[in-house]
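> Structure: data35.cif, mmCIF, C-alpha atoms.
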```
data_protein
#
loop_
_atom_site.label_atom_id
_atom_site.label_comp_id
_atom_site.auth_asym_id
_atom_site.auth_seq_id
_atom_site.Cartn_x
_atom_site.Cartn_y
_atom_site.Cartn_z
CA MET V 6 -40.30 18.14 39.60
CA THR V 7 -37.13 16.63 38.20
CA THR V 8 -35.28 17.75 35.13
CA THR V 9 -33.11 15.72 32.82
CA PRO V 10 -29.51 16.93 32.85
CA ALA V 11 -28.48 18.49 29.57
CA ARG V 12 -26.12 16.42 27.46
CA PRO V 13 -22.62 17.87 27.14
CA THR V 14 -21.77 19.45 23.82
CA ALA V 15 -18.73 18.85 21.66
CA VAL V 16 -16.30 21.77 21.50
CA ARG V 17 -12.96 22.58 19.92
CA LEU V 18 -10.10 21.76 22.27
CA ARG V 19 -8.55 24.75 24.02
CA LEU V 20 -4.95 24.84 25.22
CA SER V 21 -6.14 24.79 28.83
CA GLY V 22 -7.87 21.47 28.19
CA VAL V 23 -4.89 19.65 26.65
CA PRO V 24 -3.63 18.05 29.92
CA ALA V 25 -7.05 16.50 30.56
CA VAL V 26 -7.23 15.08 27.03
CA VAL V 27 -3.70 13.68 27.31
CA ASP V 28 -4.66 11.98 30.59
CA ALA V 29 -7.87 10.60 29.07
CA LEU V 30 -6.03 9.16 26.06
CA GLU V 31 -3.16 7.74 28.10
CA ARG V 32 -5.58 5.98 30.46
CA ASP V 33 -7.99 4.97 27.67
CA PHE V 34 -10.73 7.19 29.10
CA GLY V 35 -10.48 5.78 32.61
CA ARG V 36 -10.07 2.12 31.68
CA LEU V 37 -6.39 2.01 32.74
CA PRO V 38 -4.86 2.93 36.12
CA ALA V 39 -2.60 5.92 36.52
CA GLY V 40 0.94 5.25 35.37
CA MET V 41 -0.10 3.11 32.41
CA TRP V 42 -0.94 4.30 28.90
CA ASP V 43 -2.72 2.80 25.93
CA PRO V 44 -0.60 2.58 22.74
CA ARG V 45 -3.77 2.39 20.63
CA HIS V 46 -3.97 6.16 21.07
CA HIS V 47 -0.34 7.05 20.45
CA TYR V 48 -1.07 8.76 17.12
CA LEU V 49 -3.48 11.11 18.90
CA LEU V 50 -1.05 11.63 21.77
CA ASP V 51 1.75 12.38 19.32
CA ALA V 52 -0.48 14.95 17.59
CA LEU V 53 -0.95 16.71 20.94
CA ASP V 54 2.79 16.49 21.62
CA ARG V 55 3.24 18.27 18.25
CA HIS V 56 0.88 21.05 19.39
CA GLU V 57 -2.03 20.14 17.11
CA SER V 58 -4.67 20.87 19.74
CA GLN V 59 -6.60 23.06 17.27
CA ARG V 60 -7.37 19.92 15.23
CA PHE V 61 -9.18 18.22 18.15
CA VAL V 62 -12.85 18.25 19.13
CA VAL V 63 -13.75 17.02 22.63
CA TRP V 64 -16.97 15.72 24.15
CA GLY V 65 -17.66 15.31 27.87
CA ASP V 66 -18.76 17.17 30.98
CA HIS V 67 -16.13 17.27 33.72
CA ALA V 68 -13.62 15.10 31.84
CA PRO V 69 -13.17 14.21 28.17
CA ARG V 70 -15.15 11.10 27.25
CA SER V 71 -14.70 11.15 23.46
CA VAL V 72 -12.36 13.00 21.11
CA VAL V 73 -11.77 13.26 17.39
CA HIS V 74 -8.73 14.51 15.50
CA LEU V 75 -9.56 16.21 12.19
CA GLY V 76 -6.44 15.86 10.07
CA LEU V 77 -5.35 18.33 7.41
CA THR V 78 -5.08 15.57 4.79
CA GLY V 79 -8.65 14.31 5.22
CA THR V 80 -7.98 11.61 7.81
CA VAL V 81 -10.22 11.56 10.89
CA LEU V 82 -9.36 9.61 14.06
CA PRO V 83 -12.06 9.23 16.74
CA ALA V 84 -11.50 7.67 20.17
CA GLY V 85 -13.41 7.22 23.39
CA HIS V 86 -16.99 6.38 24.32
CA PRO V 87 -19.48 5.94 21.45
CA ASP V 88 -22.15 7.95 23.28
CA GLY V 89 -20.29 11.08 22.18
CA ALA V 90 -20.83 10.35 18.49
CA GLU V 91 -24.04 12.40 18.25
CA GLU V 92 -22.26 15.63 19.19
CA LEU V 93 -19.01 14.87 17.36
CA ALA V 94 -20.68 13.89 14.07
CA PRO V 95 -21.31 17.45 12.71
CA PHE V 96 -17.63 18.35 13.16
CA VAL V 97 -16.57 15.12 11.44
CA GLU V 98 -18.79 15.73 8.43
CA ARG V 99 -17.74 19.36 8.01
CA SER V 100 -14.13 18.18 7.80
CA ARG V 101 -14.89 16.56 4.39
CA TRP V 102 -12.92 13.51 5.47
CA ARG V 103 -11.65 10.80 3.12
CA ILE V 104 -10.47 8.24 5.67
CA MET V 105 -11.91 7.57 9.11
CA ILE V 106 -10.07 5.14 11.36
CA GLY V 107 -10.28 4.49 15.07
CA ASP V 108 -11.74 2.38 17.87
CA GLU V 109 -14.46 0.14 16.48
CA ALA V 110 -17.29 1.28 18.77
CA ILE V 111 -17.11 5.06 18.31
CA THR V 112 -16.16 4.88 14.62
CA SER V 113 -19.12 2.56 13.96
CA ALA V 114 -21.43 4.94 15.84
CA LEU V 115 -20.26 7.90 13.74
CA LEU V 116 -20.79 5.95 10.52
CA ASP V 117 -24.27 4.80 11.58
CA LEU V 118 -25.28 8.40 12.29
CA ALA V 119 -23.95 9.63 8.98
CA MET V 120 -25.66 6.93 6.91
CA GLY V 121 -28.92 7.51 8.77
CA ARG V 122 -28.80 11.19 7.83
CA SER V 123 -27.91 10.55 4.18
CA TRP V 124 -24.79 12.70 4.36
CA TRP V 125 -23.10 10.72 1.58
CA ARG V 126 -23.85 10.31 -2.06
CA ARG V 127 -22.29 6.87 -1.94
CA ARG V 128 -21.81 4.40 0.86
CA PRO V 129 -18.24 4.28 2.22
CA GLN V 130 -16.14 1.13 2.22
CA VAL V 131 -15.89 -0.15 5.78
CA ARG V 132 -13.70 -2.90 7.19
CA ILE V 133 -12.21 -4.17 10.41
CA GLN V 134 -8.51 -3.61 11.12
CA ARG V 135 -6.62 -5.53 13.78
CA PHE V 136 -4.44 -3.25 15.91
CA MET V 137 -1.21 -5.00 16.94
CA THR V 138 1.73 -3.97 19.13
CA VAL V 139 5.09 -5.16 20.40
CA GLU V 140 6.93 -3.66 23.37
CA ARG V 141 9.94 -5.94 23.78
CA MET V 142 12.26 -7.95 21.57
CA ASP V 143 15.34 -9.82 22.73
CA GLY V 144 17.30 -9.98 19.48
CA PHE V 145 17.63 -8.81 15.90
CA ALA V 146 16.61 -10.80 12.87
CA ASP V 147 19.34 -11.34 10.28
CA VAL V 148 17.69 -10.07 7.09
CA GLU V 149 19.84 -10.10 3.98
CA GLY V 150 19.78 -6.77 2.13
CA PHE V 151 17.82 -4.85 4.78
CA ARG V 152 18.64 -1.12 4.64
CA ARG V 153 17.13 2.34 4.60
CA GLY V 154 15.47 3.40 1.39
CA ALA V 155 17.37 5.76 -0.90
CA ARG V 156 16.49 8.08 -3.78
CA GLN V 157 17.61 5.53 -6.35
CA ASP V 158 14.92 3.16 -4.99
CA LEU V 159 12.04 5.53 -5.79
CA PRO V 160 10.86 3.88 -9.04
CA TRP V 161 10.47 0.59 -7.16
CA LEU V 162 8.97 2.24 -4.08
CA GLU V 163 6.38 4.07 -6.16
CA GLU V 164 5.46 0.84 -7.94
CA PHE V 165 5.20 -1.11 -4.68
CA ALA V 166 3.04 1.60 -3.07
CA CYS V 167 0.68 1.65 -6.05
CA ARG V 168 0.38 -2.15 -6.03
CA LEU V 169 -0.26 -2.12 -2.28
CA HIS V 170 -3.04 0.44 -2.77
CA VAL V 171 -4.89 -2.11 -4.90
CA GLU V 172 -3.99 -5.25 -2.94
CA ASP V 173 -5.07 -3.63 0.33
CA ARG V 174 -8.42 -2.65 -1.26
CA MET V 175 -7.88 1.06 -0.87
CA GLY V 176 -9.25 1.76 -4.35
CA PRO V 177 -8.76 1.10 -8.08
CA PRO V 178 -5.33 1.16 -9.76
CA LEU V 179 -3.64 4.55 -9.60
CA GLY V 180 -2.56 6.51 -12.63
CA GLY V 181 -1.84 10.05 -13.77
CA SER V 182 -1.67 12.67 -11.03
CA ALA V 183 -2.58 10.15 -8.31
CA ARG V 184 0.46 8.04 -9.15
CA VAL V 185 2.65 11.15 -9.25
CA ALA V 186 1.38 12.06 -5.78
CA VAL V 187 2.37 8.60 -4.51
CA GLY V 188 5.85 9.13 -5.92
CA HIS V 189 6.16 12.47 -4.14
CA ARG V 190 4.94 10.93 -0.89
CA MET V 191 7.48 8.12 -1.12
CA GLY V 192 10.22 10.63 -1.89
CA GLU V 193 9.35 12.61 1.24
CA SER V 194 9.36 9.41 3.29
CA VAL V 195 12.81 8.46 1.99
CA ASP V 196 14.16 11.96 2.65
CA ARG V 197 12.89 11.81 6.23
CA GLY V 198 14.47 8.40 6.79
CA MET V 199 11.09 6.73 7.28
CA THR V 200 11.31 4.00 4.61
CA TRP V 201 13.32 0.77 4.58
CA VAL V 202 13.80 -1.83 1.86
CA VAL V 203 15.05 -5.37 1.44
CA GLU V 204 17.35 -5.67 -1.55
CA ARG V 205 17.94 -8.89 -3.46
CA ALA V 206 19.50 -9.47 -6.85
CA GLY V 207 20.53 -5.80 -7.02
CA ARG V 208 17.12 -4.22 -6.52
CA PRO V 209 14.46 -3.69 -3.79
CA VAL V 210 12.04 -6.60 -3.46
CA ALA V 211 10.20 -5.36 -0.35
CA LYS V 212 9.57 -2.18 1.61
CA LEU V 213 8.04 -0.81 4.77
CA ASP V 214 7.45 2.70 6.06
CA LEU V 215 6.89 4.43 9.38
CA SER V 216 3.71 6.51 9.57
CA LEU V 217 4.63 7.70 13.07
CA TYR V 218 7.92 8.10 14.92
CA SER V 219 8.13 9.60 18.39
CA THR V 220 10.81 8.97 20.99
CA ARG V 221 8.13 9.53 23.63
CA ARG V 222 5.18 7.62 22.12
CA GLY V 223 6.74 5.01 19.85
CA ALA V 224 6.49 4.20 16.15
CA GLN V 225 3.85 2.83 13.80
CA ILE V 226 4.74 0.62 10.84
CA ALA V 227 2.79 0.95 7.60
CA GLY V 228 3.12 0.26 3.89
CA VAL V 229 4.53 -3.28 4.21
CA TYR V 230 4.88 -4.81 0.75
CA VAL V 231 6.79 -7.77 -0.70
CA ASP V 232 7.11 -8.35 -4.46
CA PRO V 233 4.98 -11.43 -5.34
CA GLU V 234 8.03 -13.22 -6.77
CA TRP V 235 9.69 -13.06 -3.35
CA ARG V 236 6.78 -13.95 -1.09
CA GLY V 237 6.75 -17.05 1.07
CA ARG V 238 10.40 -16.62 2.10
CA GLY V 239 9.90 -14.88 5.46
CA ILE V 240 10.89 -11.44 4.17
CA ALA V 241 7.88 -9.59 5.65
CA THR V 242 8.32 -11.21 9.07
CA GLY V 243 12.07 -10.59 8.99
CA MET V 244 12.04 -6.93 8.04
CA VAL V 245 9.20 -6.05 10.45
CA GLN V 246 10.98 -7.86 13.29
CA ARG V 247 14.35 -6.31 12.41
CA LEU V 248 13.09 -2.73 12.31
CA SER V 249 10.95 -3.16 15.43
CA ALA V 250 13.88 -4.58 17.38
CA GLU V 251 16.17 -1.73 16.29
CA LEU V 252 13.62 0.87 17.33
CA LEU V 253 12.83 -0.77 20.68
CA HIS V 254 16.51 -1.24 21.52
CA GLY V 255 16.97 2.42 20.57
CA GLY V 256 14.63 3.40 23.40
CA LEU V 257 11.16 3.65 21.83
CA PRO V 258 8.43 2.33 24.16
CA VAL V 259 6.20 0.50 21.67
CA ILE V 260 5.83 -0.34 17.99
CA SER V 261 2.35 -0.70 16.49
CA LEU V 262 0.64 -1.44 13.21
CA HIS V 263 -2.84 -2.23 11.96
CA VAL V 264 -3.78 -4.78 9.35
CA ARG V 265 -6.92 -5.80 7.48
CA ASP V 266 -8.85 -8.37 9.51
CA ASP V 267 -9.01 -10.91 6.68
CA ASN V 268 -5.36 -10.59 5.62
CA GLU V 269 -4.26 -13.82 7.26
CA PRO V 270 -0.79 -14.02 5.61
CA ALA V 271 0.08 -10.56 6.94
CA ILE V 272 -1.33 -11.32 10.39
CA ARG V 273 0.78 -14.50 10.55
CA ALA V 274 3.85 -12.52 9.51
CA TYR V 275 3.31 -9.90 12.21
CA ARG V 276 2.66 -12.52 14.88
CA GLY V 277 5.86 -14.22 13.78
CA ALA V 278 7.65 -10.91 14.26
CA GLY V 279 6.44 -10.75 17.88
CA PHE V 280 3.32 -8.58 17.58
CA ALA V 281 0.18 -9.25 19.63
CA GLU V 282 -3.38 -8.11 18.94
CA ARG V 283 -4.72 -5.27 21.09
CA GLY V 284 -8.25 -4.91 19.75
CA ASN V 285 -10.13 -3.92 16.62
CA TRP V 286 -10.20 -0.68 14.73
CA LEU V 287 -12.67 0.29 12.05
CA LEU V 288 -11.49 1.79 8.75
CA ALA V 289 -13.88 3.67 6.47
CA LEU V 290 -12.95 4.99 3.02
CA ARG V 291 -14.95 7.32 0.82
#
```
Take the structure I supplied and represent it as structure tokens, if you would.


Amino acid sequence: MTTTPARPTAVRLRLSGVPAVVDALERDFGRLPAGMWDPRHHYLLDALDRHESQRFVVWGDHAPRSVVHLGLTGTVLPAGHPDGAEELAPFVERSRWRIMIGDEAITSALLDLAMGRSWWRRRPQVRIQRFMTVERMDGFADVEGFRRGARQDLPWLEEFACRLHVEDRMGPPLGGSARVAVGHRMGESVDRGMTWVVERAGRPVAKLDLSLYSTRRGAQIAGVYVDPEWRGRGIATGMVQRLSAELLHGGLPVISLHVRDDNEPAIRAYRGAGFAERGNWLLALR
């Protein structure tokens, strides 16, 4: 008589298991040889570097095969093999997430499970994101007016962030307390030195932010926005290339970003800045 082996269960990550999860993420769950690492997972690796192991759930028998990071702000990031979705799904739903983003296969599997169980009162918005990276740049772009953001820029930065929220199909126009929250978030980004602007005619006409900065793992660019009056002049390509080159020449190993799959102008700008596509992510909003 033969018995079917029991499926592994998903469990909260313990400190003793952190090295195995780091190895799994660096090698893309066995897809890469030792000595290489996958920058698609550098947000998760940075979270472990920052001792956030208590936010991770792991699935697998003798080695991690799937993981999910349950962020404090309602963002969930899954990675690994989609066959772990069944066991990870209850943890994901209990987190009351607002944004789920990660590798297309496992994120899609989690969403399919959730919709099949009627966990949601309304169907989430789901779209493909292209994950892009650059690891080397030979020179710096000469971008007129490129500088770090400052406190006096905050009215413009808040406005740009609110416009980007709508243009990037993250939701309806922001007002009231939601707009105030955006202003606070931009202020924190400026204070941390994580926002840059391009100034023309005495005011900012474009901005970008860093959502991740790690001397060990690299940086991730986000929040790229150019005022409509100034589009078509190469500003987005220039400022992304300039910042990426500065960071890479400063010793960071890789710069990444992700962009909506149908945003062809942005994709062309990032390719022009030296970025290459590394695969698809799935983004779900609810």

> Could you spell out the hits of the PyMOL selection byres ((chain V and resi 268) around 12) on the shown file, as JSON, numbers by chain?

{"V": [132, 133, 134, 135, 172, 173, 174, 263, 264, 265, 266, 267, 269, 270, 271, 272, 273, 274, 275]}

> Since I can't run it myself right now, could you work out what the PyMOL selection byres ((chain V and resi 127-131) around 10) selects here and report it as a list in words?

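Against this file, the PyMOL selection byres ((chain V and resi 127-131) around 10) returns the residues Arg103, Ile104, Met105, Ile106, Ser113, Leu116, Ala119, Met120, Ser123, Trp124, Trp125, Arg126, Arg132, Ile133, Gln134, Arg174, Met175, Gly176, Leu287, Leu288, Ala289, Leu290 and Arg291 of chain V.
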
> Rank V:Gly192, V:Pro95, V:Pro44, V:Gly223 by their smallest atom-to-atom distance to V:Gly255, using all atoms listed in the file, and report the top residue only.

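Looking at the shortest contact to V:Gly255, the residue is V:Gly223.
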
> Might I get the box with edges along x, y and z of the file that holds all atoms of stretch 29-42 of chain V listed there, padded by 5 Å on every side, given as centre and edge lengths in Å to one decimal, as lines of an AutoDock Vina configuration file?


```
center_x = -4.9
center_y = 6.3
center_z = 31.3
size_x = 21.7
size_y = 18.6
size_z = 20.5
```

> Residues within 9 Å of V:Gly85, please, as a list in words. Count only C-alpha atoms; anything in the same chain fewer than 6 positions from it doesn't count.

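Here the answer would be Ala29, Leu30, Asp33, Phe34, Pro69, Arg70, Ser71, Val72, Val73, Asp108, Ala110 and Ile111 of chain V.
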
> Please determine, counting all atoms listed in the file, which residue among V:Glu31, V:Asp66, V:Asp196, V:Asp232 has the shortest atom-to-atom distance to V:Arg45.

V:Glu31

> Which one of V:Ala15, V:Val229, V:Met142, V:Ala52 sits closest to V:Ala90 if you count all atoms listed in the file?

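Of V:Ala15, V:Val229, V:Met142, V:Ala52, the one nearest V:Ala90, counting all atoms listed in the file, is V:Ala15.
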
> Quick check on the file I pasted: which residues fall under the PyMOL selection byres ((chain V and resi 157-167) around 8)? Write them as a short mmCIF file (atom, residue, chain, number, x, y, z; two decimals) with C-alpha atoms, in the coordinates of the input.


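Resulting contents of part12.cif:
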```cif
data_model
loop_
_atom_site.label_atom_id
_atom_site.label_comp_id
_atom_site.auth_asym_id
_atom_site.auth_seq_id
_atom_site.Cartn_x
_atom_site.Cartn_y
_atom_site.Cartn_z
CA GLY V 154 15.47 3.40 1.39
CA ALA V 155 17.37 5.76 -0.90
CA ARG V 156 16.49 8.08 -3.78
CA ARG V 168 0.38 -2.15 -6.03
CA LEU V 169 -0.26 -2.12 -2.28
CA HIS V 170 -3.04 0.44 -2.77
CA VAL V 171 -4.89 -2.11 -4.90
CA PRO V 178 -5.33 1.16 -9.76
CA LEU V 179 -3.64 4.55 -9.60
CA ARG V 184 0.46 8.04 -9.15
CA VAL V 187 2.37 8.60 -4.51
CA GLY V 188 5.85 9.13 -5.92
CA MET V 191 7.48 8.12 -1.12
CA GLY V 192 10.22 10.63 -1.89
CA ARG V 208 17.12 -4.22 -6.52
CA PRO V 209 14.46 -3.69 -3.79
CA ALA V 211 10.20 -5.36 -0.35
CA LYS V 212 9.57 -2.18 1.61
CA GLY V 228 3.12 0.26 3.89
CA TYR V 230 4.88 -4.81 0.75
CA VAL V 231 6.79 -7.77 -0.70
CA ASP V 232 7.11 -8.35 -4.46
#
```

> So which one's closest to V:Ile226, V:Leu115, V:Val62, V:Val245, V:Ala183? Using all atoms listed in the file, please.

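Going through V:Leu115, V:Val62, V:Val245, V:Ala183 one by one, the smallest distance to V:Ile226 is for V:Val245.
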
> Could you check the closest approach to V:Ala281 for each of V:Ala224, V:Leu262, V:Val139, V:Ala39 and tell me which residue wins, using all atoms listed in the file?

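Of V:Ala224, V:Leu262, V:Val139, V:Ala39, the one nearest V:Ala281 is V:Val139, counting all atoms listed in the file.
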
> Please report the interatomic distance between atom CA of V:Gly79 and atom CA of V:Arg60 in Å with one decimal.

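That distance, rounded to one decimal, is 11.5 Å.
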